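Reviewing the structure listed below.
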Amino acid sequence: MTDPNKLKALSERATAGPWSACKEGKCSCGMIWSKAVDAPIITCEKGEWGDSYPSLRTVGADGHPVPLGSPGARVEAYIALDAYGKLPDDCHEHNAAFIVALVNAYRDGSLTPAQPTPEQGRVEELEKALEPFAEQADARNLNASDEDFMRISIDVHVGDLRRARQALNTGDKNETADSD
């Protein structure tokens with residue numbers, strides 16, 4: 001997302017800054033704090049990551065897992081993890097520092113979003129102009145039999161492209177007159 005207006009709105013609604021890695025980055029917890037409200041706002045992951053959930057297990061007197069029904073066994077609750085991957089053990093510190101640097105640089109004005117190139121702006125303009133015609137084509141293709149689908153699809157898209165070009169040239173993005 002590089003739309004400066006959307007980015008500014010997100011920044012204004014996010015927790016006030018400046019932000020800081022816990023203990024100015026000297027802590028290994030990976031937490032990011034808002035200095036303005038003196039509260040943690042995010043923790044960067046490290047090691048194994050995935051879905052965690054509460055579960056039960058049986059353990060012996062020494063706290064190690066044992067089979068259910070073992071003498072002296074008791075049931076204890078714990079948090080299980082279905083791990084989907086593993087991050088390097090020190091990446092949370094680097095990720096926290098990077099997030100803090102980006103947020104603070106954006107908020108103090110030393111970092112600004114990239115502006116779209118003229119080509120990107122033209123592509124977005126063309127995509128928006130084609131949207132109503134693509135919806136019309138999709139609606140017409142829903143009623144086509146399998147053998148007619150390809151022929152109708154090609155005919156419809158060529159006609160829609162002609163109308164879209166006409167709409168772009170006239171500035172009327174809602175142009176729907178049939179010119180085929």
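Residues are named by chain letter and number: chains run A, B, ... in the order of the structure tokens, numbers start at 1 in each chain, and ligands are numbered from 1 in the order shown.
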Extract, using only C-alpha atoms, all DNA, RNA and protein residues at most 9 Å from Arg107 (chain A), discarding same-chain residues fewer than 4 positions from it, and format them as JSON, numbers by chain. {"A": [8, 11, 17, 18, 102, 103, 111]}
Give me the residues of region 81-132 of chain A that have any atom at most 9 Å from an atom of region 50-59 of chain A; for each, the nearest atom pair and the distance in Å, rounded to one decimal. Use only C-alpha atoms, sort by chain and number, and format it as a Markdown table.
```
| residue | atom | partner | partner_atom | distance |
| --- | --- | --- | --- | --- |
| A:Leu81 | CA | A:Ser52 | CA | 4.3 |
| A:Asp82 | CA | A:Asp51 | CA | 5.2 |
| A:Ala83 | CA | A:Gly50 | CA | 4.4 |
| A:Tyr84 | CA | A:Gly50 | CA | 5.0 |
| A:Gly85 | CA | A:Gly50 | CA | 6.9 |
| A:Lys86 | CA | A:Gly50 | CA | 8.9 |
```
What would the file look like if the residues just selected were written as a PDB file, in the first residue's frame with N, CA and C atoms?
```pdb
ATOM      1  N   LEU A  81       1.096 -26.323  20.901  1.00  0.00           N
ATOM      2  CA  LEU A  81       1.393 -25.540  19.714  1.00  0.00           C
ATOM      3  C   LEU A  81       1.414 -26.449  18.492  1.00  0.00           C
ATOM      4  N   ASP A  82       0.600 -26.120  17.493  1.00  0.00           N
ATOM      5  CA  ASP A  82       0.711 -26.739  16.173  1.00  0.00           C
ATOM      6  C   ASP A  82       1.645 -25.837  15.379  1.00  0.00           C
ATOM      7  N   ALA A  83       2.904 -26.225  15.298  1.00  0.00           N
ATOM      8  CA  ALA A  83       3.912 -25.377  14.655  1.00  0.00           C
ATOM      9  C   ALA A  83       3.819 -25.492  13.140  1.00  0.00           C
ATOM     10  N   TYR A  84       3.852 -24.347  12.477  1.00  0.00           N
ATOM     11  CA  TYR A  84       3.819 -24.300  11.015  1.00  0.00           C
ATOM     12  C   TYR A  84       5.171 -23.916  10.436  1.00  0.00           C
ATOM     13  N   GLY A  85       6.035 -23.393  11.271  1.00  0.00           N
ATOM     14  CA  GLY A  85       7.341 -22.978  10.785  1.00  0.00           C
ATOM     15  C   GLY A  85       8.210 -22.513  11.928  1.00  0.00           C
ATOM     16  N   LYS A  86       9.433 -22.130  11.586  1.00  0.00           N
ATOM     17  CA  LYS A  86      10.368 -21.664  12.607  1.00  0.00           C
ATOM     18  C   LYS A  86      11.129 -20.469  12.057  1.00  0.00           C
TER      19      LYS A  86
END
```
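Restricting the calculation to only C-alpha atoms, the smallest distance between Gly72 (chain A) and any of A:Gly60, A:Pro132, A:Ala36, A:Cys22 is found for A:Gly60.
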Which residues, written as JSON, numbers by chain, have at least one atom at most 8 Å from Gly25 (chain A), with only C-alpha atoms counted and residues fewer than 3 positions away on the same chain left out? {"A": [20, 21, 22, 28, 93, 97]}
If you keep N, CA and C atoms, can you produce a file of those selected residues as a PDB file, in the first residue's frame?
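Dumped to part-v8.pdb:
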```
ATOM      1  N   SER A  20       9.152   2.250  20.439  1.00  0.00           N
ATOM      2  CA  SER A  20      10.500   1.820  20.794  1.00  0.00           C
ATOM      3  C   SER A  20      10.513   0.312  21.007  1.00  0.00           C
ATOM      4  N   ALA A  21      11.606  -0.328  20.584  1.00  0.00           N
ATOM      5  CA  ALA A  21      11.796  -1.734  20.949  1.00  0.00           C
ATOM      6  C   ALA A  21      12.004  -1.755  22.457  1.00  0.00           C
ATOM      7  N   CYS A  22      11.536  -2.798  23.104  1.00  0.00           N
ATOM      8  CA  CYS A  22      11.608  -2.898  24.570  1.00  0.00           C
ATOM      9  C   CYS A  22      13.020  -2.594  25.066  1.00  0.00           C
ATOM     10  N   SER A  28      15.510  -8.959  24.912  1.00  0.00           N
ATOM     11  CA  SER A  28      15.362  -9.989  23.885  1.00  0.00           C
ATOM     12  C   SER A  28      13.910 -10.460  23.721  1.00  0.00           C
ATOM     13  N   GLU A  93      14.220  -9.549  17.327  1.00  0.00           N
ATOM     14  CA  GLU A  93      14.890  -8.299  17.703  1.00  0.00           C
ATOM     15  C   GLU A  93      15.073  -7.401  16.476  1.00  0.00           C
ATOM     16  N   ALA A  97      13.162  -3.797  15.670  1.00  0.00           N
ATOM     17  CA  ALA A  97      13.930  -2.587  15.372  1.00  0.00           C
ATOM     18  C   ALA A  97      13.515  -1.998  14.023  1.00  0.00           C
TER      19      ALA A  97
END
```
CA of Lys128 (chain A) to CA of Asn5 (chain A), distance in Å rounded to a single decimal: 19.0 Å
Can you list, as a PyMOL selection string, every residue of region 55-132 of chain A that DSSP puts in helix (DSSP H, G or I)? chain A and resi 91-107+118-132
